[in-house]
Amino acid sequence: MSTEDEVRSASNQFYAALNRMLNGDVGPLADVWSHSAAVTTMHPIGGREVGWDNVRGSWEQVSGLASEGQVGLTDQIIQAAGDMAYELGVEQGQFRLAGEQVTVDHRVTNIYRREPGGWKIVHHHTDLSPAMLDLLSRLPAKP
């Protein structure tokens with residue numbers, strides 16, 4: 001299998017796990033992410049998380065509010081060199097966030113690193129979603 005095919009397989013696993021998360025099951029994301037202190041993410045709801053514990057926590061928060069989700073990657077480009085690779089594309093789909101329908105249509109960059117056991121995602125970055133930010137701003141604050 002070529003390096004590009006290996007990264008494409010890791011991407012497919014990431015998006016399968018992302019879709020599970022959008023239906024309330026955050027567990028599979030732990031299998032596709034590196035657990036390094038250097039992993040990062042910048043979600044469509046803003047913010048920047050650094051380190052596996054913070055990245056995992058951000059996915060757990062979204063998972064607690066998400067349901068009925070399906071997101072796919074289109075217009076995928078993969079570039080790989082050595083033990084690092086990145087992909088660009090457009091995430092498209094929809095899900096319910098805190099009970100409200102949300103449409104996803106934003107650019108994404110994912111970075112992967114070859115680790116023991118295969119390619120793991122080390123960075124996920126999407127465009128901001130004004131609709132998601134607005135929805136979250138209207139939710140009551142947790143006590």
# chains A, B, ... in the order shown; residues from 1 in each chain; ligands from 1
>>> residues_around(residues="segment 95-112 of chain A", least_positions_apart="3", cutoff="8 Å", atoms="only C-alpha atoms", output="ChimeraX atom specification")
/A:7,22,62,65-71,84-92,119-129,131-132
>>> atom_distance(atom1="atom CA of Ser9 of chain A", atom2="atom CA of Ser63 of chain A")
23.2 Å
>>> select_by_dssp(residues="chain A", states="strand (DSSP E or B)", output="PyMOL selection string")
chain A and resi 33+40-43+46-50+66-81+84-97+100-115+118-126
>>> closest_residue(among="A:Pro44, A:Pro140, A:Gly51, A:Gly72", to="Ala17 of chain A", atoms="only C-alpha atoms")
A:Gly72
>>> select_by_dssp(residues="chain A", states="alpha helix (DSSP H)", output="PyMOL selection string")
chain A and resi 3-21+29-32+52-65+130-137
>>> closest_residue(among="A:Gln94, A:Asn23, A:Gln79, A:Ser137", to="Asp5 of chain A", atoms="only C-alpha atoms")
A:Gln79
>>> closest_residue(among="A:Arg114, A:Arg48, A:His35, A:Arg138", to="Ala10 of chain A", atoms="only C-alpha atoms")
A:Arg114
>>> closest_residue(among="A:Met21, A:Val26, A:Val39, A:Val32", to="Gly117 of chain A", atoms="only C-alpha atoms")
A:Val32
>>> decode(residues="segment 51-112 of chain A", atoms="C-alpha atoms", output="PDB file, in the first residue's frame")
ATOM      1  CA  GLY A  51      -2.391  18.353  24.071  1.00  0.00           C
ATOM      2  CA  TRP A  52      -4.362  15.127  23.898  1.00  0.00           C
ATOM      3  CA  ASP A  53      -6.248  15.708  27.164  1.00  0.00           C
ATOM      4  CA  ASN A  54      -7.562  19.082  25.960  1.00  0.00           C
ATOM      5  CA  VAL A  55      -8.299  17.827  22.445  1.00  0.00           C
ATOM      6  CA  ARG A  56     -10.164  14.816  23.837  1.00  0.00           C
ATOM      7  CA  GLY A  57     -12.106  17.093  26.199  1.00  0.00           C
ATOM      8  CA  SER A  58     -13.232  19.324  23.342  1.00  0.00           C
ATOM      9  CA  TRP A  59     -14.557  16.317  21.404  1.00  0.00           C
ATOM     10  CA  GLU A  60     -16.330  15.081  24.539  1.00  0.00           C
ATOM     11  CA  GLN A  61     -18.094  18.436  24.964  1.00  0.00           C
ATOM     12  CA  VAL A  62     -19.329  18.471  21.367  1.00  0.00           C
ATOM     13  CA  SER A  63     -20.358  14.814  21.575  1.00  0.00           C
ATOM     14  CA  GLY A  64     -22.557  15.613  24.572  1.00  0.00           C
ATOM     15  CA  LEU A  65     -24.521  18.114  22.457  1.00  0.00           C
ATOM     16  CA  ALA A  66     -24.483  16.343  19.070  1.00  0.00           C
ATOM     17  CA  SER A  67     -26.893  13.877  17.486  1.00  0.00           C
ATOM     18  CA  GLU A  68     -28.191  12.689  14.122  1.00  0.00           C
ATOM     19  CA  GLY A  69     -24.929  13.614  12.423  1.00  0.00           C
ATOM     20  CA  GLN A  70     -23.240  12.802   9.170  1.00  0.00           C
ATOM     21  CA  VAL A  71     -20.190  14.656   7.820  1.00  0.00           C
ATOM     22  CA  GLY A  72     -18.017  13.673   4.894  1.00  0.00           C
ATOM     23  CA  LEU A  73     -14.864  14.979   3.263  1.00  0.00           C
ATOM     24  CA  THR A  74     -14.947  16.164  -0.357  1.00  0.00           C
ATOM     25  CA  ASP A  75     -12.316  17.664  -2.647  1.00  0.00           C
ATOM     26  CA  GLN A  76      -9.593  15.754  -0.766  1.00  0.00           C
ATOM     27  CA  ILE A  77      -5.915  16.380  -1.459  1.00  0.00           C
ATOM     28  CA  ILE A  78      -3.219  14.378   0.360  1.00  0.00           C
ATOM     29  CA  GLN A  79       0.468  15.239   0.501  1.00  0.00           C
ATOM     30  CA  ALA A  80       2.992  13.102   2.381  1.00  0.00           C
ATOM     31  CA  ALA A  81       6.712  13.356   3.112  1.00  0.00           C
ATOM     32  CA  GLY A  82       8.469  10.929   5.404  1.00  0.00           C
ATOM     33  CA  ASP A  83       6.467  10.385   8.584  1.00  0.00           C
ATOM     34  CA  MET A  84       4.214  13.446   8.160  1.00  0.00           C
ATOM     35  CA  ALA A  85       1.245  14.029   5.873  1.00  0.00           C
ATOM     36  CA  TYR A  86      -1.549  16.506   5.469  1.00  0.00           C
ATOM     37  CA  GLU A  87      -4.888  16.562   3.762  1.00  0.00           C
ATOM     38  CA  LEU A  88      -7.027  19.441   2.597  1.00  0.00           C
ATOM     39  CA  GLY A  89     -10.672  19.251   1.743  1.00  0.00           C
ATOM     40  CA  VAL A  90     -14.171  20.428   2.456  1.00  0.00           C
ATOM     41  CA  GLU A  91     -16.263  18.937   5.235  1.00  0.00           C
ATOM     42  CA  GLN A  92     -19.927  18.760   4.274  1.00  0.00           C
ATOM     43  CA  GLY A  93     -22.914  17.380   6.136  1.00  0.00           C
ATOM     44  CA  GLN A  94     -25.354  18.090   8.892  1.00  0.00           C
ATOM     45  CA  PHE A  95     -26.142  17.206  12.474  1.00  0.00           C
ATOM     46  CA  ARG A  96     -28.114  18.372  15.443  1.00  0.00           C
ATOM     47  CA  LEU A  97     -26.264  20.480  17.985  1.00  0.00           C
ATOM     48  CA  ALA A  98     -28.174  21.039  21.222  1.00  0.00           C
ATOM     49  CA  GLY A  99     -31.303  19.948  19.345  1.00  0.00           C
ATOM     50  CA  GLU A 100     -30.949  22.412  16.456  1.00  0.00           C
ATOM     51  CA  GLN A 101     -30.087  21.429  12.891  1.00  0.00           C
ATOM     52  CA  VAL A 102     -26.630  22.588  11.776  1.00  0.00           C
ATOM     53  CA  THR A 103     -25.229  22.432   8.254  1.00  0.00           C
ATOM     54  CA  VAL A 104     -21.507  21.831   7.802  1.00  0.00           C
ATOM     55  CA  ASP A 105     -19.728  23.214   4.753  1.00  0.00           C
ATOM     56  CA  HIS A 106     -16.236  24.383   5.617  1.00  0.00           C
ATOM     57  CA  ARG A 107     -12.627  23.969   4.602  1.00  0.00           C
ATOM     58  CA  VAL A 108     -10.474  21.641   6.651  1.00  0.00           C
ATOM     59  CA  THR A 109      -6.814  20.793   7.112  1.00  0.00           C
ATOM     60  CA  ASN A 110      -5.820  17.578   8.875  1.00  0.00           C
ATOM     61  CA  ILE A 111      -2.235  16.641   9.684  1.00  0.00           C
ATOM     62  CA  TYR A 112      -1.161  13.040  10.277  1.00  0.00           C
TER      63      TYR A 112
END
